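Colleague: Below you'll find entry22.json; it's JSON, C-alpha atoms.
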[["chain", "number", "residue", "atom", "x", "y", "z"],
["A", 1, "MET", "CA", 130.16, 70.31, 47.99],
["A", 2, "GLN", "CA", 127.20, 72.33, 46.87],
["A", 3, "GLY", "CA", 124.01, 73.65, 48.35],
["A", 4, "ARG", "CA", 121.39, 76.39, 48.35],
["A", 5, "ASN", "CA", 121.08, 76.70, 52.10],
["A", 6, "GLY", "CA", 123.04, 76.10, 55.27],
["A", 7, "LEU", "CA", 121.32, 72.83, 56.11],
["A", 8, "GLY", "CA", 122.01, 71.35, 52.68],
["A", 9, "MET", "CA", 125.66, 72.36, 52.82],
["A", 10, "GLU", "CA", 126.06, 71.13, 56.38],
["A", 11, "SER", "CA", 124.59, 67.75, 55.47],
["A", 12, "GLN", "CA", 126.91, 67.33, 52.50],
["A", 13, "THR", "CA", 129.93, 68.40, 54.55],
["A", 14, "ASP", "CA", 129.09, 65.79, 57.18],
["A", 15, "THR", "CA", 128.59, 63.14, 54.52],
["A", 16, "VAL", "CA", 132.02, 63.78, 53.02],
["A", 17, "ARG", "CA", 133.78, 63.84, 56.39],
["A", 18, "ARG", "CA", 132.21, 60.57, 57.53],
["A", 19, "PHE", "CA", 133.03, 58.94, 54.18],
["A", 20, "VAL", "CA", 136.69, 59.98, 54.35],
["A", 21, "GLU", "CA", 136.98, 58.93, 57.99],
["A", 22, "LYS", "CA", 135.53, 55.50, 57.23],
["A", 23, "ALA", "CA", 137.97, 55.09, 54.34],
["A", 24, "GLY", "CA", 140.88, 55.97, 56.60],
["A", 25, "GLY", "CA", 141.76, 59.08, 54.64],
["A", 26, "THR", "CA", 142.57, 62.66, 55.52],
["A", 27, "ILE", "CA", 140.83, 65.81, 54.28],
["A", 28, "VAL", "CA", 143.47, 68.29, 53.11],
["A", 29, "SER", "CA", 141.09, 71.01, 51.87],
["A", 30, "GLU", "CA", 137.36, 71.70, 51.67],
["A", 31, "TYR", "CA", 135.64, 73.67, 48.93],
["A", 32, "CYS", "CA", 132.00, 74.71, 48.93],
["A", 33, "GLU", "CA", 129.93, 76.42, 46.25],
["A", 34, "VAL", "CA", 126.32, 77.13, 45.33],
["A", 35, "GLU", "CA", 126.65, 77.05, 41.57],
["A", 36, "SER", "CA", 124.40, 74.92, 39.38],
["A", 37, "GLY", "CA", 125.59, 71.44, 38.48],
["A", 38, "GLY", "CA", 124.85, 72.26, 34.85],
["A", 39, "LYS", "CA", 127.75, 74.68, 34.62],
["A", 40, "THR", "CA", 131.25, 73.78, 33.46],
["A", 41, "ASP", "CA", 134.28, 73.82, 35.73],
["A", 42, "ARG", "CA", 135.38, 77.13, 34.18],
["A", 43, "GLU", "CA", 132.20, 78.72, 35.56],
["A", 44, "ARG", "CA", 132.56, 77.07, 38.96],
["A", 45, "GLN", "CA", 135.54, 78.67, 40.63],
["A", 46, "GLU", "CA", 135.51, 76.64, 43.84],
["A", 47, "LEU", "CA", 135.32, 73.37, 41.97],
["A", 48, "SER", "CA", 138.13, 74.52, 39.69],
["A", 49, "LYS", "CA", 140.25, 75.29, 42.76],
["A", 50, "ALA", "CA", 139.50, 71.85, 44.18],
["A", 51, "LEU", "CA", 140.60, 70.16, 40.97],
["A", 52, "SER", "CA", 143.82, 72.20, 40.87],
["A", 53, "GLU", "CA", 144.56, 71.29, 44.48],
["A", 54, "CYS", "CA", 143.99, 67.61, 43.73],
["A", 55, "ARG", "CA", 146.44, 67.76, 40.84],
["A", 56, "ARG", "CA", 149.01, 69.59, 42.97],
["A", 57, "LEU", "CA", 148.81, 67.15, 45.88],
["A", 58, "ASP", "CA", 147.93, 64.05, 43.84],
["A", 59, "ALA", "CA", 144.82, 63.82, 46.00],
["A", 60, "THR", "CA", 141.37, 62.36, 45.38],
["A", 61, "LEU", "CA", 138.37, 64.63, 44.88],
["A", 62, "VAL", "CA", 135.48, 63.57, 47.15],
["A", 63, "VAL", "CA", 131.98, 64.72, 46.20],
["A", 64, "ALA", "CA", 128.92, 64.27, 48.40],
["A", 65, "LYS", "CA", 126.41, 63.58, 45.61],
["A", 66, "LEU", "CA", 127.04, 62.34, 42.09],
["A", 67, "ASP", "CA", 124.09, 64.27, 40.67],
["A", 68, "ARG", "CA", 125.95, 67.49, 41.49],
["A", 69, "LEU", "CA", 128.40, 66.58, 38.73],
["A", 70, "SER", "CA", 126.41, 64.38, 36.38],
["A", 71, "ARG", "CA", 124.31, 67.10, 34.70],
["A", 72, "ASN", "CA", 127.07, 68.39, 32.42],
["A", 73, "ALA", "CA", 128.61, 66.10, 29.82],
["A", 74, "GLU", "CA", 131.44, 68.50, 29.01],
["A", 75, "PHE", "CA", 132.56, 68.66, 32.62],
["A", 76, "LEU", "CA", 132.33, 64.89, 33.13],
["A", 77, "LEU", "CA", 134.53, 64.30, 30.11],
["A", 78, "SER", "CA", 137.04, 66.92, 31.22],
["A", 79, "LEU", "CA", 137.10, 65.26, 34.64],
["A", 80, "GLN", "CA", 137.74, 61.91, 33.02],
["A", 81, "ASN", "CA", 140.67, 63.31, 31.06],
["A", 82, "GLY", "CA", 141.93, 65.60, 33.81],
["A", 83, "ASN", "CA", 144.12, 63.06, 35.65],
["A", 84, "VAL", "CA", 142.16, 63.57, 38.87],
["A", 85, "ASP", "CA", 140.78, 60.58, 40.72],
["A", 86, "PHE", "CA", 137.44, 61.21, 42.37],
["A", 87, "VAL", "CA", 134.82, 59.41, 44.39],
["A", 88, "CYS", "CA", 131.18, 60.21, 45.14],
["A", 89, "CYS", "CA", 129.88, 59.31, 48.58],
["A", 90, "ASP", "CA", 126.48, 58.18, 47.28],
["A", 91, "CYS", "CA", 127.93, 56.11, 44.43],
["A", 92, "PRO", "CA", 131.51, 55.04, 45.27],
["A", 93, "ASN", "CA", 131.73, 52.55, 42.40],
["A", 94, "VAL", "CA", 131.84, 55.35, 39.84],
["A", 95, "ASP", "CA", 135.34, 56.65, 39.07],
["A", 96, "ARG", "CA", 137.04, 58.70, 36.38],
["A", 97, "PHE", "CA", 137.35, 55.62, 34.18],
["A", 98, "THR", "CA", 133.60, 54.97, 34.10],
["A", 99, "VAL", "CA", 132.38, 58.56, 34.26],
["A", 100, "GLY", "CA", 132.55, 58.83, 30.45],
["A", 101, "ILE", "CA", 129.49, 56.58, 30.28],
["A", 102, "LEU", "CA", 127.61, 58.97, 32.55],
["A", 103, "ALA", "CA", 128.66, 61.84, 30.32],
["A", 104, "LEU", "CA", 127.08, 60.15, 27.31],
["A", 105, "VAL", "CA", 123.94, 59.41, 29.32],
["A", 106, "ALA", "CA", 123.72, 63.04, 30.49],
["A", 107, "GLN", "CA", 124.15, 64.32, 26.95],
["A", 108, "ARG", "CA", 121.56, 61.91, 25.56],
["A", 109, "GLU", "CA", 119.10, 62.82, 28.33],
["A", 110, "ARG", "CA", 119.29, 66.50, 27.41],
["A", 111, "GLU", "CA", 118.75, 65.63, 23.75],
["A", 112, "LEU", "CA", 115.71, 63.50, 24.59],
["A", 113, "ILE", "CA", 114.23, 66.25, 26.78],
["A", 114, "SER", "CA", 114.65, 68.71, 23.92],
["A", 115, "GLU", "CA", 113.07, 66.29, 21.45],
["A", 116, "ARG", "CA", 110.11, 65.57, 23.74],
["A", 117, "THR", "CA", 109.54, 69.27, 24.34],
["A", 118, "LYS", "CA", 109.54, 70.06, 20.62],
["A", 119, "SER", "CA", 107.24, 67.14, 19.90],
["A", 120, "ALA", "CA", 104.79, 68.17, 22.63],
["A", 121, "LEU", "CA", 104.69, 71.74, 21.35],
["A", 122, "GLN", "CA", 104.06, 70.59, 17.79],
["A", 123, "MET", "CA", 101.22, 68.30, 18.89],
["A", 124, "ALA", "CA", 99.66, 71.09, 20.95],
["A", 125, "LYS", "CA", 99.90, 73.47, 18.03],
["A", 126, "ARG", "CA", 98.19, 70.96, 15.72],
["A", 127, "ARG", "CA", 95.34, 70.68, 18.26],
["A", 128, "GLY", "CA", 94.89, 74.43, 18.05],
["A", 129, "VAL", "CA", 96.32, 75.17, 21.48],
["A", 130, "HIS", "CA", 97.49, 78.75, 21.83],
["A", 131, "LEU", "CA", 101.12, 78.45, 22.93],
["A", 132, "GLY", "CA", 101.71, 82.08, 23.78],
["A", 133, "THR", "CA", 100.82, 83.75, 27.04],
["A", 134, "ARG", "CA", 100.27, 87.32, 28.14],
["A", 135, "ASN", "CA", 101.74, 86.52, 31.51],
["A", 136, "PRO", "CA", 104.92, 84.47, 30.92],
["A", 137, "THR", "CA", 106.04, 84.77, 34.55],
["A", 138, "LYS", "CA", 102.83, 83.16, 35.80],
["A", 139, "GLN", "CA", 103.05, 80.48, 33.13],
["A", 140, "VAL", "CA", 106.60, 79.57, 34.13],
["A", 141, "LYS", "CA", 105.56, 79.32, 37.78],
["A", 142, "LEU", "CA", 102.70, 77.00, 36.84],
["A", 143, "MET", "CA", 105.04, 74.83, 34.77],
["A", 144, "VAL", "CA", 107.57, 74.60, 37.61],
["A", 145, "ALA", "CA", 104.82, 73.76, 40.11],
["A", 146, "GLY", "CA", 103.46, 71.09, 37.77],
["A", 147, "ALA", "CA", 106.87, 69.49, 37.32],
["A", 148, "ARG", "CA", 107.49, 69.52, 41.06],
["A", 149, "GLN", "CA", 104.11, 67.90, 41.72],
["A", 150, "ALA", "CA", 104.80, 65.23, 39.12],
["A", 151, "LYS", "CA", 108.05, 64.33, 40.87],
["A", 152, "THR", "CA", 106.31, 64.21, 44.24],
["A", 153, "ASP", "CA", 103.54, 61.97, 42.91],
["A", 154, "PHE", "CA", 106.05, 59.58, 41.37],
["A", 155, "LYS", "CA", 108.05, 59.37, 44.59],
["A", 156, "SER", "CA", 104.88, 58.56, 46.53],
["A", 157, "LYS", "CA", 103.97, 55.89, 44.01],
["A", 158, "MET", "CA", 107.43, 54.29, 44.20],
["A", 159, "ALA", "CA", 107.82, 54.50, 47.99],
["A", 160, "PRO", "CA", 106.10, 51.16, 48.79],
["A", 161, "LEU", "CA", 108.13, 49.36, 46.14],
["A", 162, "LEU", "CA", 111.42, 50.79, 47.38],
["A", 163, "GLU", "CA", 110.52, 49.81, 50.93],
["A", 164, "GLU", "CA", 109.73, 46.28, 49.77],
["A", 165, "ILE", "CA", 113.15, 46.05, 48.10],
["A", 166, "ARG", "CA", 114.91, 47.33, 51.22],
["A", 167, "GLN", "CA", 113.00, 44.87, 53.41],
["A", 168, "ALA", "CA", 114.39, 42.13, 51.17],
["A", 169, "GLY", "CA", 117.89, 43.16, 52.25],
["A", 170, "VAL", "CA", 118.88, 45.34, 49.31],
["A", 171, "SER", "CA", 120.28, 48.66, 50.50],
["A", 172, "THR", "CA", 122.77, 49.95, 47.92],
["A", 173, "LEU", "CA", 121.77, 52.27, 45.08],
["A", 174, "GLN", "CA", 123.12, 49.81, 42.51],
["A", 175, "GLY", "CA", 121.24, 46.93, 44.11],
["A", 176, "ILE", "CA", 117.96, 48.84, 44.10],
["A", 177, "ALA", "CA", 118.53, 49.87, 40.47],
["A", 178, "ASP", "CA", 119.14, 46.23, 39.52],
["A", 179, "CYS", "CA", 115.91, 45.14, 41.25],
["A", 180, "LEU", "CA", 113.87, 47.79, 39.44],
["A", 181, "ASN", "CA", 115.45, 46.85, 36.11],
["A", 182, "ARG", "CA", 114.68, 43.15, 36.64],
["A", 183, "ARG", "CA", 111.05, 44.00, 37.38],
["A", 184, "GLY", "CA", 110.78, 46.15, 34.26],
["A", 185, "ILE", "CA", 109.72, 49.25, 36.21],
["A", 186, "PRO", "CA", 110.09, 52.39, 34.04],
["A", 187, "THR", "CA", 111.61, 55.58, 35.41],
["A", 188, "ARG", "CA", 109.58, 58.76, 35.87],
["A", 189, "THR", "CA", 110.57, 59.87, 32.37],
["A", 190, "GLY", "CA", 109.60, 56.53, 30.86],
["A", 191, "LYS", "CA", 113.10, 55.09, 30.48],
["A", 192, "SER", "CA", 113.56, 51.36, 30.81],
["A", 193, "CYS", "CA", 116.87, 51.40, 32.69],
["A", 194, "TRP", "CA", 117.63, 52.54, 36.22],
["A", 195, "TYR", "CA", 121.05, 53.69, 37.38],
["A", 196, "PRO", "CA", 122.37, 54.46, 40.88],
["A", 197, "THR", "CA", 122.00, 58.18, 40.11],
["A", 198, "THR", "CA", 118.36, 57.67, 39.09],
["A", 199, "VAL", "CA", 117.63, 55.87, 42.35],
["A", 200, "SER", "CA", 119.49, 58.56, 44.29],
["A", 201, "ASN", "CA", 117.37, 61.28, 42.69],
["A", 202, "LEU", "CA", 114.23, 59.33, 43.57],
["A", 203, "THR", "CA", 115.15, 58.77, 47.21],
["A", 204, "ARG", "CA", 116.70, 62.18, 47.87]]
Take the structure I supplied and represent it as structure tokens, if you would.
Modeller:
Amino acid sequence: MQGRNGLGMESQTDTVRRFVEKAGGTIVSEYCEVESGGKTDRERQELSKALSECRRLDATLVVAKLDRLSRNAEFLLSLQNGNVDFVCCDCPNVDRFTVGILALVAQRERELISERTKSALQMAKRRGVHLGTRNPTKQVKLMVAGARQAKTDFKSKMAPLLEEIRQAGVSTLQGIADCLNRRGIPTRTGKSCWYPTTVSNLTR
């Protein structure tokens, strides 16, 4: 489990406990951390301990949210090859046998972000835009605020459509993703394919 504040951690803890209880399982250990999902397991001591404990007890690793693990391709691949079964409460259909696909998607997404950033900078430079700034701290804050606002605007735009899909009886992340794909709705980044993790990020 992972979180930046007590409420976030408490929510994830409750999610995991309810999931395990519903599955008829037993929690043998709990590990919490506040590290970024982009780090590898070697940089995330609590997660490393959890994996070691799972190997020792032949237990299953339960994670509250898949996006906490899906940002790092190296870690996803090591998890796939680490002989540790795992399940994510918000996307239980994903396991260590299918996580390799997510690793490739995560890696490709980072490459595309890098390519888009370079392309945007080159186009701005050709238009004569001055790319430097005398106040980099202020510029970074403006960029972060702009990105956050873009996400908020997209969520507001998609809210009526998601509600329409739910009213039709579709409630799972995979089901919602399938509906959006059938309708040809692009993601916020312009991609043509939705995944359960993409829907989870949108509805979180």
Colleague: Within 12 Å of (104.4, 58.0, 46.5) (file coordinates; all atoms listed in the file), which protein or nucleic acid residues are there? I'd like them as a VMD selection string.
Modeller: chain A and resid 149 to 163 188 202 to 203
Colleague: How about saving the chosen residues, C-alpha atoms kept, as a CSV table (one decimal), in the coordinates of the input?
Modeller:
chain,number,residue,atom,x,y,z
A,149,GLN,CA,104.1,67.9,41.7
A,150,ALA,CA,104.8,65.2,39.1
A,151,LYS,CA,108.0,64.3,40.9
A,152,THR,CA,106.3,64.2,44.2
A,153,ASP,CA,103.5,62.0,42.9
A,154,PHE,CA,106.0,59.6,41.4
A,155,LYS,CA,108.0,59.4,44.6
A,156,SER,CA,104.9,58.6,46.5
A,157,LYS,CA,104.0,55.9,44.0
A,158,MET,CA,107.4,54.3,44.2
A,159,ALA,CA,107.8,54.5,48.0
A,160,PRO,CA,106.1,51.2,48.8
A,161,LEU,CA,108.1,49.4,46.1
A,162,LEU,CA,111.4,50.8,47.4
A,163,GLU,CA,110.5,49.8,50.9
A,188,ARG,CA,109.6,58.8,35.9
A,202,LEU,CA,114.2,59.3,43.6
A,203,THR,CA,115.2,58.8,47.2
Colleague: I'd like the interatomic distance between CA of Asp178 (chain A) and CA of Cys88 (chain A), to a tenth of an Å.
Modeller: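 Computed distance, CA of Asp178 (chain A) to CA of Cys88 (chain A), equals 19.3 Å.
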Colleague: Which residue out of A:Ala59, A:Val199, A:Ala50, A:Ala120 has the minimum interatomic distance to Gly25 (chain A) when all atoms listed in the file are used?
Modeller: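 So, comparing all the options, the nearest one is A:Ala59.
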Colleague: Using only C-alpha atoms, can you tell me which of A:Ala168, A:Cys89, A:Cys193, A:Cys32 comes closest to Met9 (chain A)?
Modeller: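 Closest candidate: A:Cys32.
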Colleague: Between CA of Leu173 (chain A) and CA of Gly24 (chain A), what is the distance, to one decimal in Å?
Modeller: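 That distance, rounded to one decimal, is 22.6 Å.
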Colleague: Hey, which of A:Ile165, A:Gln12, A:Ile101, A:Arg108 ends up closest to Tyr195 (chain A)? Count only C-alpha atoms.
Modeller: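 So, comparing all the options, the nearest one is A:Ile101.
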Colleague: Taking into account all atoms listed in the file, which residue in the set A:Lys49, A:Lys65, A:Arg166, A:Lys141 is nearest to Ser200 (chain A)?
Modeller: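 Comparing A:Lys49, A:Lys65, A:Arg166, A:Lys141 against Ser200 (chain A), the winner is A:Lys65.
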Colleague: For Asp58 (chain A), which residue among A:Cys179, A:Gln45, A:Ser171, A:Asp85 is the nearest when counting only C-alpha atoms?
Modeller: A:Asp85
